[in-house]
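Coordinates from my_file.cif are shown below (mmCIF, C-alpha atoms).
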```cif
data_protein
#
loop_
_atom_site.label_atom_id
_atom_site.label_comp_id
_atom_site.auth_asym_id
_atom_site.auth_seq_id
_atom_site.Cartn_x
_atom_site.Cartn_y
_atom_site.Cartn_z
CA MET A 20 59.77 116.01 156.31
CA PHE A 21 63.49 116.66 156.51
CA LYS A 22 66.46 116.84 154.18
CA ALA A 23 68.93 113.99 153.76
CA LEU A 24 72.01 113.48 151.60
CA VAL A 25 71.08 110.18 149.94
CA LEU A 26 73.47 107.89 148.08
CA ASP A 27 71.99 105.31 145.73
CA LYS A 28 73.16 102.84 143.13
CA GLY A 29 71.06 101.05 140.55
CA GLU A 30 70.89 100.24 136.86
CA ALA A 31 71.49 103.89 136.05
CA GLY A 32 74.65 103.88 138.16
CA PHE A 33 75.65 105.82 141.27
CA ARG A 34 74.13 109.11 142.35
CA ALA A 35 74.38 111.39 145.36
CA GLU A 36 71.57 113.88 145.88
CA LEU A 37 69.81 115.95 148.50
CA ARG A 38 66.28 114.67 149.07
CA GLU A 39 63.23 115.57 151.14
CA VAL A 40 62.30 112.43 153.11
CA ASP A 41 60.06 111.55 156.04
CA ASP A 42 60.40 109.32 159.11
CA GLY A 43 59.49 106.29 157.01
CA PHE A 44 62.90 106.58 155.36
CA LEU A 45 64.64 106.00 158.70
CA PRO A 46 65.63 102.51 159.91
CA VAL A 47 62.78 100.71 161.66
CA ILE A 48 62.61 101.06 165.43
CA ASP A 49 64.36 98.22 167.30
CA GLY A 50 65.29 96.40 164.09
CA GLY A 51 67.57 99.21 162.92
CA GLY A 52 67.73 101.65 165.78
CA ASP A 53 66.08 102.49 169.08
CA VAL A 54 66.91 106.19 169.49
CA THR A 55 65.76 108.94 167.13
CA VAL A 56 67.98 112.01 167.14
CA ALA A 57 67.39 115.46 165.72
CA ILE A 58 70.76 116.06 164.08
CA ASP A 59 71.99 119.63 164.51
CA TYR A 60 75.37 119.18 162.84
CA SER A 61 77.30 116.55 160.96
CA THR A 62 80.68 116.76 159.25
CA LEU A 63 82.74 115.55 156.31
CA ASN A 64 85.53 113.10 157.03
CA PHE A 65 87.79 111.40 154.49
CA LYS A 66 85.52 108.33 154.55
CA ASP A 67 82.48 110.54 153.89
CA GLY A 68 84.31 111.99 150.91
CA LEU A 69 85.04 108.51 149.56
CA ALA A 70 81.37 107.53 149.93
CA ILE A 71 79.81 110.68 148.50
CA THR A 72 82.13 110.74 145.46
CA ASN A 73 81.92 106.94 145.03
CA ARG A 74 85.72 106.71 144.94
CA SER A 75 85.76 103.62 147.16
CA PRO A 76 83.18 100.95 148.04
CA VAL A 77 82.50 102.43 151.47
CA VAL A 78 78.72 102.02 151.22
CA ARG A 79 77.43 98.46 151.41
CA SER A 80 73.68 98.98 151.61
CA TRP A 81 71.46 101.03 149.28
CA PRO A 82 69.93 103.54 149.44
CA MET A 83 72.17 105.08 152.10
CA VAL A 84 72.11 108.37 153.98
CA ALA A 85 75.70 109.61 154.12
CA GLY A 86 77.41 110.83 157.27
CA ILE A 87 79.44 108.75 159.72
CA ASP A 88 79.17 111.44 162.43
CA GLY A 89 76.33 113.32 164.05
CA ALA A 90 75.56 115.48 167.08
CA GLY A 91 72.16 116.54 168.30
CA THR A 92 69.29 115.93 170.67
CA VAL A 93 67.28 112.79 171.38
CA ILE A 94 63.64 113.22 170.37
CA ASP A 95 62.45 109.63 170.93
CA SER A 96 64.02 106.70 172.74
CA HIS A 97 63.33 103.03 173.27
CA HIS A 98 66.68 102.56 174.99
CA PRO A 99 67.02 102.69 178.80
CA ALA A 100 70.11 104.91 178.76
CA TRP A 101 68.57 107.74 176.75
CA LYS A 102 65.57 110.05 177.02
CA PRO A 103 64.22 112.95 174.98
CA GLY A 104 66.32 116.05 175.50
CA ASP A 105 69.63 114.23 175.97
CA ARG A 106 72.51 115.66 173.93
CA VAL A 107 74.48 112.95 172.14
CA VAL A 108 77.32 112.41 169.72
CA LEU A 109 77.79 109.52 167.30
CA ASN A 110 80.99 108.40 165.56
CA GLY A 111 81.29 105.39 163.29
CA PHE A 112 79.79 101.96 164.08
CA GLY A 113 79.08 101.51 160.36
CA VAL A 114 76.74 104.51 160.23
CA GLY A 115 76.82 105.98 156.72
CA GLU A 116 78.13 102.62 155.44
CA THR A 117 75.68 99.85 156.40
CA HIS A 118 73.29 101.95 158.54
CA LYS A 119 71.68 105.22 157.39
CA GLY A 120 73.76 108.14 158.58
CA CYS A 121 73.73 111.65 159.92
CA LEU A 122 73.99 114.02 156.96
CA ALA A 123 70.29 114.60 157.48
CA GLY A 124 67.87 116.42 159.76
CA LYS A 125 67.17 113.21 161.68
CA ALA A 126 68.82 109.86 162.28
CA ARG A 127 67.61 106.68 163.99
CA LEU A 128 70.54 105.07 165.78
CA LYS A 129 71.25 102.36 168.31
CA GLY A 130 71.51 103.67 171.84
CA ASP A 131 74.52 101.47 172.49
CA TRP A 132 76.45 103.50 169.91
CA LEU A 133 75.87 106.92 171.48
CA VAL A 134 78.11 108.96 173.76
CA ARG A 135 76.77 111.73 175.95
CA LEU A 136 77.96 115.05 174.58
CA PRO A 137 80.39 116.63 177.07
CA ASP A 138 79.13 119.88 178.59
CA ALA A 139 82.27 121.57 177.27
CA PHE A 140 81.06 121.22 173.67
CA THR A 141 78.16 122.46 171.60
CA PRO A 142 76.91 120.09 168.86
CA ARG A 143 78.74 122.29 166.34
CA GLN A 144 82.02 121.97 168.23
CA ALA A 145 81.53 118.22 168.54
CA MET A 146 81.26 117.96 164.77
CA ALA A 147 84.20 120.30 164.28
CA ILE A 148 86.02 117.49 166.10
CA GLY A 149 84.12 114.61 164.45
CA THR A 150 85.62 111.22 163.72
CA ALA A 151 88.83 112.88 162.51
CA GLY A 152 89.45 114.67 165.79
CA TYR A 153 88.21 111.79 167.91
CA THR A 154 90.62 109.52 166.01
CA SER A 155 93.44 111.97 166.72
CA MET A 156 92.69 111.67 170.43
CA LEU A 157 92.68 107.87 170.16
CA CYS A 158 96.15 108.12 168.60
CA VAL A 159 97.38 110.33 171.43
CA LEU A 160 95.96 107.90 173.99
CA ALA A 161 97.66 104.99 172.22
CA LEU A 162 101.02 106.77 172.35
CA GLU A 163 100.50 107.63 176.02
CA ARG A 164 99.63 104.03 176.89
CA TYR A 165 102.84 102.98 175.15
CA GLY A 166 104.78 105.38 177.38
CA ILE A 167 105.50 108.35 175.10
CA LYS A 168 105.87 111.50 177.24
CA PRO A 169 106.50 115.21 176.60
CA GLY A 170 110.24 115.75 176.35
CA ASP A 171 110.93 112.36 174.75
CA GLY A 172 111.63 113.97 171.39
CA GLU A 173 109.96 115.18 168.23
CA ILE A 174 106.60 113.74 167.18
CA LEU A 175 105.84 113.63 163.47
CA VAL A 176 102.27 114.23 162.29
CA THR A 177 101.60 113.32 158.67
CA GLY A 178 98.69 114.63 156.60
CA ALA A 179 99.07 117.69 158.77
CA THR A 180 96.52 120.01 157.16
CA GLY A 181 93.80 117.34 157.16
CA GLY A 182 91.28 116.81 159.93
CA VAL A 183 93.22 114.15 161.83
CA GLY A 184 96.50 115.97 161.42
CA SER A 185 95.21 119.40 162.42
CA VAL A 186 93.63 118.17 165.65
CA ALA A 187 96.61 115.93 166.45
CA ILE A 188 98.99 118.90 166.20
CA ALA A 189 96.80 121.02 168.47
CA LEU A 190 96.45 118.24 171.06
CA LEU A 191 100.09 117.17 171.13
CA ALA A 192 101.41 120.74 171.28
CA LYS A 193 99.13 121.62 174.19
CA LEU A 194 100.31 118.50 176.03
CA GLY A 195 103.89 119.74 175.74
CA HIS A 196 105.25 117.72 172.81
CA LYS A 197 107.46 119.15 170.07
CA VAL A 198 105.42 118.52 166.93
CA ILE A 199 106.75 118.42 163.37
CA ALA A 200 104.10 118.64 160.65
CA ALA A 201 104.46 116.89 157.28
CA THR A 202 102.60 118.63 154.46
CA GLY A 203 102.82 119.23 150.75
CA LYS A 204 101.23 122.65 151.13
CA ALA A 205 104.00 125.15 151.86
CA SER A 206 101.40 127.92 151.86
CA GLU A 207 99.84 126.43 154.99
CA ALA A 208 102.96 126.85 157.15
CA ASP A 209 101.42 129.73 159.10
CA TYR A 210 98.23 127.71 159.75
CA LEU A 211 100.22 124.75 161.08
CA THR A 212 102.46 126.94 163.23
CA LYS A 213 99.42 128.57 164.83
CA LEU A 214 98.07 125.10 165.67
CA GLY A 215 101.31 124.39 167.52
CA ALA A 216 103.72 122.85 165.01
CA ALA A 217 107.34 123.58 165.93
CA GLY A 218 108.59 122.69 162.46
CA ILE A 219 107.48 121.52 159.02
CA VAL A 220 108.81 118.90 156.62
CA ASP A 221 107.84 118.44 152.99
CA ARG A 222 105.65 115.39 152.57
CA ALA A 223 107.62 114.59 149.40
CA GLU A 224 110.48 113.51 151.68
CA LEU A 225 108.22 110.74 153.01
CA ALA A 226 105.96 109.88 150.09
CA ALA A 227 108.43 108.01 147.85
CA PRO A 228 110.06 104.62 148.47
CA GLY A 229 112.98 104.88 150.93
CA LYS A 230 115.54 102.76 152.70
CA PRO A 231 114.32 100.13 155.22
CA LEU A 232 116.23 101.90 158.00
CA GLN A 233 116.90 105.65 157.91
CA LYS A 234 118.37 108.23 160.24
CA GLU A 235 116.60 108.09 163.59
CA ARG A 236 114.57 111.21 164.31
CA TRP A 237 111.05 110.71 165.67
CA ALA A 238 110.18 109.69 169.22
CA ALA A 239 106.69 108.95 167.92
CA VAL A 240 104.47 109.43 164.88
CA VAL A 241 100.77 110.00 164.21
CA ASP A 242 100.14 108.83 160.65
CA ALA A 243 96.92 109.32 158.71
CA VAL A 244 98.46 108.65 155.29
CA GLY A 245 99.65 105.05 155.06
CA SER A 246 101.63 103.53 152.16
CA HIS A 247 105.21 104.79 151.66
CA THR A 248 104.68 107.66 154.09
CA LEU A 249 103.97 105.24 156.92
CA VAL A 250 106.90 103.03 155.88
CA ASN A 251 109.34 105.95 155.92
CA ALA A 252 107.96 107.23 159.20
CA CYS A 253 108.65 103.82 160.77
CA ALA A 254 112.13 103.76 159.22
CA GLN A 255 112.92 107.16 160.80
CA THR A 256 111.48 106.43 164.25
CA ARG A 257 114.01 106.27 167.05
CA TYR A 258 114.87 103.16 169.03
CA GLY A 259 111.91 102.20 171.23
CA GLY A 260 109.58 104.73 169.63
CA ALA A 261 106.00 104.21 168.49
CA VAL A 262 103.94 104.94 165.40
CA ALA A 263 100.16 105.32 165.69
CA ALA A 264 98.62 104.49 162.30
CA CYS A 265 95.02 105.47 161.61
CA GLY A 266 94.60 106.35 157.93
CA LEU A 267 95.24 105.56 154.28
CA ALA A 268 95.09 108.84 152.39
CA GLN A 269 98.11 107.84 150.26
CA GLY A 270 97.13 104.19 150.02
CA LEU A 271 96.26 101.06 151.96
CA ASP A 272 99.48 99.25 151.06
CA PHE A 273 102.41 98.89 153.47
CA PRO A 274 105.50 98.13 151.33
CA ALA A 275 107.89 97.73 154.26
CA THR A 276 110.39 95.42 155.89
CA VAL A 277 110.42 94.27 159.52
CA MET A 278 113.76 95.97 160.18
CA PRO A 279 112.49 98.97 162.21
CA PHE A 280 110.52 96.61 164.44
CA ILE A 281 113.17 93.98 165.13
CA LEU A 282 116.33 96.15 165.03
CA ARG A 283 115.03 99.29 166.74
CA GLY A 284 112.10 97.95 168.71
CA VAL A 285 109.70 100.36 167.02
CA ALA A 286 106.04 99.70 167.82
CA LEU A 287 103.34 100.05 165.16
CA LEU A 288 100.09 100.84 166.95
CA GLY A 289 96.94 100.36 164.90
CA VAL A 290 94.19 102.82 165.84
CA ASP A 291 90.57 102.01 164.96
CA SER A 292 87.82 104.54 165.53
CA VAL A 293 84.86 102.77 163.92
CA MET A 294 84.28 99.93 166.38
CA ALA A 295 86.17 101.24 169.41
CA PRO A 296 84.36 100.26 172.64
CA ILE A 297 82.21 102.84 174.39
CA ALA A 298 84.55 103.14 177.38
CA ARG A 299 87.41 104.18 175.10
CA ARG A 300 85.16 106.62 173.25
CA GLN A 301 84.07 108.20 176.53
CA GLU A 302 87.71 108.52 177.58
CA ALA A 303 88.60 110.14 174.26
CA TRP A 304 85.76 112.66 174.44
CA ALA A 305 86.57 113.49 178.06
CA ARG A 306 90.17 114.15 177.11
CA LEU A 307 89.14 116.24 174.10
CA ALA A 308 87.05 118.38 176.46
CA ARG A 309 90.13 118.86 178.64
CA ASP A 310 92.97 119.10 176.13
CA LEU A 311 91.63 120.70 172.93
CA ASP A 312 91.72 124.49 172.81
CA PRO A 313 88.30 125.73 171.58
CA ALA A 314 89.92 128.72 169.87
CA LEU A 315 92.24 126.46 167.85
CA LEU A 316 89.29 124.21 167.01
CA GLN A 317 87.40 127.21 165.65
CA SER A 318 90.43 128.32 163.63
CA MET A 319 90.56 125.01 161.76
CA THR A 320 86.80 124.80 161.09
CA THR A 321 84.71 125.74 158.05
CA GLU A 322 80.90 125.57 158.23
CA ILE A 323 78.71 124.70 155.24
CA GLY A 324 75.07 123.88 154.64
CA LEU A 325 73.81 120.41 153.78
CA ASP A 326 73.20 121.57 150.21
CA GLU A 327 76.95 122.27 149.82
CA ALA A 328 78.16 118.90 151.08
CA ILE A 329 78.39 117.10 147.72
CA VAL A 330 80.59 119.80 146.16
CA LYS A 331 82.72 120.07 149.30
CA ALA A 332 83.21 116.28 149.39
CA GLU A 333 84.70 116.47 145.90
CA GLU A 334 87.04 119.25 147.01
CA LEU A 335 88.05 117.15 150.01
CA MET A 336 89.02 114.28 147.73
CA GLN A 337 91.05 116.67 145.57
CA GLY A 338 93.06 117.84 148.58
CA LYS A 339 91.57 121.34 148.46
CA VAL A 340 90.28 121.34 152.03
CA ARG A 341 92.20 122.00 155.21
CA GLY A 342 91.16 121.32 158.78
CA ARG A 343 87.59 120.39 159.60
CA ILE A 344 84.28 120.86 157.79
CA VAL A 345 81.09 121.24 159.84
CA VAL A 346 77.81 120.58 158.05
CA ARG A 347 74.70 122.36 159.28
CA THR A 348 71.92 119.83 158.71
CA SER A 349 68.92 122.10 159.24
CA GLY A 350 67.97 125.59 158.16
#
```

Using structure tokens, write down the structure that the file contains.
Amino acid sequence: MFKALVLDKGEAGFRAELREVDDGFLPVIDGGGDVTVAIDYSTLNFKDGLAITNRSPVVRSWPMVAGIDGAGTVIDSHHPAWKPGDRVVLNGFGVGETHKGCLAGKARLKGDWLVRLPDAFTPRQAMAIGTAGYTSMLCVLALERYGIKPGDGEILVTGATGGVGSVAIALLAKLGHKVIAATGKASEADYLTKLGAAGIVDRAELAAPGKPLQKERWAAVVDAVGSHTLVNACAQTRYGGAVAACGLAQGLDFPATVMPFILRGVALLGVDSVMAPIARRQEAWARLARDLDPALLQSMTTEIGLDEAIVKAEELMQGKVRGRIVVRTSG
């Protein structure tokens, strides 16, 4: 028996609860997964918060075990790449949405979805990074592939106190970029400065409708917010700059014009973490092992038990959480 955070919906409506389940609750071998993993740690991302609080139709199969991320040790494998004892990390691939997830003591996953956990990280550190931090690295890689280099100018990071924003600031600052953090939490200025932010702007300056073209400022942007914030970020990006878009915390709309793209040559780079190919995931995790300061990672991390995850997910949706949340799935 093991504990799992189960989401269900029926005639009585939606409910999220911690249950004691057994291996029979896991997906069937081969049909649903070919590697069984003892999950040491999971985490709470924005998407987990949406699912657990039922604020958005994230879950498409019931009952569902929440948790789009997991890190732990293989205990049984029917996949040629994995054997018992291997340390692995899982991000996305519909886990916690259409496939039972990792906010549980065990998960049965497809071996093709797994990445070998870098030696630089413990399972706890891997989940302190989680999909949010891994997505941040994908954004940095996208900007690098576009040609953005340290010294090109200021890089704006929106949603700065969130998981994506916090890790993005730490990564970009260590790589030598001048990072400006956008936040609505003036009290978190010291936190953001310690992560590496060279300056802070009030998110209110970006969150309302603005002009199609505005004063050029940013060499590049990492945006986890969407909606008017993304539109204004594009409108303020300098000629030839790039905006890596990966989130929708403010909204999924994009009420913009094409003017920044056709008059300033701004590039809008969409960054997907859910279905990214394994080679790109491996690159991202290798770079995280090289470029993310473990001390900064620890400073942005809060650990909770599995029995606290439902309450903490609600706080996450209310904007009361900063940085990363690690969920201890056993003990």

With the PyMOL selection byres ((chain A and resi 53) around 10) as the selection, what would be picked from this file? Answer as a ChimeraX atom specification, please. /A:46-52,54-56,95-99,101,127-131

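Proximity to A:Val244 was assessed for A:Ala126, A:Phe65, A:Val293, A:Gly172 counting all atoms listed in the file; the smallest distance is recorded for A:Phe65.
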
Of the candidates A:Gln255, A:Gln317, A:Asn110, A:Thr62, which one gets nearest to A:Gln233 if we count all atoms listed in the file? A:Gln255

On this structure, which residues satisfy the PyMOL selection byres ((chain A and resi 266) around 9), written as a compact mmCIF listing (two decimals) with C-alpha atoms, in the coordinates of the input?
```
# COMPACT_ATOMS: atom_id res chain seq x y z
CA VAL A 183 93.22 114.15 161.83
CA ASP A 242 100.14 108.83 160.65
CA ALA A 243 96.92 109.32 158.71
CA VAL A 244 98.46 108.65 155.29
CA GLY A 245 99.65 105.05 155.06
CA ALA A 264 98.62 104.49 162.30
CA CYS A 265 95.02 105.47 161.61
CA LEU A 267 95.24 105.56 154.28
CA ALA A 268 95.09 108.84 152.39
CA GLN A 269 98.11 107.84 150.26
CA GLY A 270 97.13 104.19 150.02
CA LEU A 271 96.26 101.06 151.96
CA VAL A 290 94.19 102.82 165.84
```

Provide the atom CA of A:Val25 to atom CA of A:Met146 distance in Å, to one decimal place.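 Rounded to one decimal, the two atoms are 19.6 Å apart.
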
Could you rebuild stretch 86-117 of chain A with N, CA and C atoms and give me the result as an mmCIF file, in the frame of the given file?
```cif
data_model
loop_
_atom_site.group_PDB
_atom_site.id
_atom_site.type_symbol
_atom_site.label_atom_id
_atom_site.label_comp_id
_atom_site.auth_asym_id
_atom_site.auth_seq_id
_atom_site.Cartn_x
_atom_site.Cartn_y
_atom_site.Cartn_z
ATOM 1 N N GLY A 86 77.098 110.161 156.002
ATOM 2 C CA GLY A 86 77.410 110.830 157.270
ATOM 3 C C GLY A 86 77.731 109.870 158.392
ATOM 4 N N ILE A 87 79.040 109.693 158.670
ATOM 5 C CA ILE A 87 79.440 108.750 159.720
ATOM 6 C C ILE A 87 79.428 109.392 161.096
ATOM 7 N N ASP A 88 79.187 110.710 161.164
ATOM 8 C CA ASP A 88 79.170 111.440 162.430
ATOM 9 C C ASP A 88 77.886 112.249 162.560
ATOM 10 N N GLY A 89 77.452 112.435 163.803
ATOM 11 C CA GLY A 89 76.330 113.320 164.050
ATOM 12 C C GLY A 89 76.305 113.778 165.491
ATOM 13 N N ALA A 90 75.752 114.968 165.717
ATOM 14 C CA ALA A 90 75.560 115.480 167.080
ATOM 15 C C ALA A 90 74.217 116.179 167.121
ATOM 16 N N GLY A 91 73.483 115.928 168.184
ATOM 17 C CA GLY A 91 72.160 116.540 168.300
ATOM 18 C C GLY A 91 71.462 116.131 169.557
ATOM 19 N N THR A 92 70.130 116.132 169.487
ATOM 20 C CA THR A 92 69.290 115.930 170.670
ATOM 21 C C THR A 92 68.329 114.781 170.457
ATOM 22 N N VAL A 93 68.222 113.918 171.444
ATOM 23 C CA VAL A 93 67.280 112.790 171.380
ATOM 24 C C VAL A 93 65.861 113.323 171.368
ATOM 25 N N ILE A 94 65.049 112.834 170.416
ATOM 26 C CA ILE A 94 63.640 113.220 170.370
ATOM 27 C C ILE A 94 62.710 112.047 170.672
ATOM 28 N N ASP A 95 63.234 110.818 170.587
ATOM 29 C CA ASP A 95 62.450 109.630 170.930
ATOM 30 C C ASP A 95 63.407 108.500 171.266
ATOM 31 N N SER A 96 63.100 107.760 172.344
ATOM 32 C CA SER A 96 64.020 106.700 172.740
ATOM 33 C C SER A 96 63.289 105.470 173.237
ATOM 34 N N HIS A 97 63.769 104.329 172.773
ATOM 35 C CA HIS A 97 63.330 103.030 173.270
ATOM 36 C C HIS A 97 64.501 102.308 173.935
ATOM 37 N N HIS A 98 65.481 103.086 174.354
ATOM 38 C CA HIS A 98 66.680 102.560 174.990
ATOM 39 C C HIS A 98 66.752 103.091 176.418
ATOM 40 N N PRO A 99 67.065 102.250 177.397
ATOM 41 C CA PRO A 99 67.020 102.690 178.800
ATOM 42 C C PRO A 99 68.016 103.781 179.159
ATOM 43 N N ALA A 100 69.073 103.931 178.400
ATOM 44 C CA ALA A 100 70.110 104.910 178.760
ATOM 45 C C ALA A 100 69.783 106.324 178.284
ATOM 46 N N TRP A 101 68.794 106.449 177.371
ATOM 47 C CA TRP A 101 68.570 107.740 176.750
ATOM 48 C C TRP A 101 67.113 108.166 176.840
ATOM 49 N N LYS A 102 66.917 109.483 176.965
ATOM 50 C CA LYS A 102 65.570 110.050 177.020
ATOM 51 C C LYS A 102 65.522 111.310 176.176
ATOM 52 N N PRO A 103 64.322 111.728 175.757
ATOM 53 C CA PRO A 103 64.220 112.950 174.980
ATOM 54 C C PRO A 103 64.876 114.129 175.696
ATOM 55 N N GLY A 104 65.606 114.907 174.933
ATOM 56 C CA GLY A 104 66.320 116.050 175.500
ATOM 57 C C GLY A 104 67.785 115.805 175.738
ATOM 58 N N ASP A 105 68.213 114.539 175.775
ATOM 59 C CA ASP A 105 69.630 114.230 175.970
ATOM 60 C C ASP A 105 70.439 114.680 174.752
ATOM 61 N N ARG A 106 71.607 115.263 175.009
ATOM 62 C CA ARG A 106 72.510 115.660 173.930
ATOM 63 C C ARG A 106 73.510 114.532 173.698
ATOM 64 N N VAL A 107 73.653 114.127 172.448
ATOM 65 C CA VAL A 107 74.480 112.950 172.140
ATOM 66 C C VAL A 107 75.388 113.225 170.957
ATOM 67 N N VAL A 108 76.425 112.382 170.862
ATOM 68 C CA VAL A 108 77.320 112.410 169.720
ATOM 69 C C VAL A 108 77.522 110.989 169.230
ATOM 70 N N LEU A 109 77.624 110.830 167.931
ATOM 71 C CA LEU A 109 77.790 109.520 167.300
ATOM 72 C C LEU A 109 78.986 109.562 166.370
ATOM 73 N N ASN A 110 79.855 108.561 166.485
ATOM 74 C CA ASN A 110 80.990 108.400 165.560
ATOM 75 C C ASN A 110 81.065 106.949 165.124
ATOM 76 N N GLY A 111 80.987 106.709 163.816
ATOM 77 C CA GLY A 111 81.290 105.390 163.290
ATOM 78 C C GLY A 111 80.227 104.341 163.507
ATOM 79 N N PHE A 112 80.654 103.136 163.905
ATOM 80 C CA PHE A 112 79.790 101.960 164.080
ATOM 81 C C PHE A 112 79.099 101.553 162.780
ATOM 82 N N GLY A 113 79.683 101.881 161.637
ATOM 83 C CA GLY A 113 79.080 101.510 160.360
ATOM 84 C C GLY A 113 77.995 102.451 159.887
ATOM 85 N N VAL A 114 77.733 103.514 160.650
ATOM 86 C CA VAL A 114 76.740 104.510 160.230
ATOM 87 C C VAL A 114 77.273 105.218 158.981
ATOM 88 N N GLY A 115 76.407 105.409 157.996
ATOM 89 C CA GLY A 115 76.820 105.980 156.720
ATOM 90 C C GLY A 115 77.453 104.959 155.790
ATOM 91 N N GLU A 116 77.555 103.704 156.252
ATOM 92 C CA GLU A 116 78.130 102.620 155.440
ATOM 93 C C GLU A 116 77.116 101.484 155.289
ATOM 94 N N THR A 117 76.685 100.909 156.404
ATOM 95 C CA THR A 117 75.680 99.850 156.400
ATOM 96 C C THR A 117 74.396 100.282 157.111
#
```
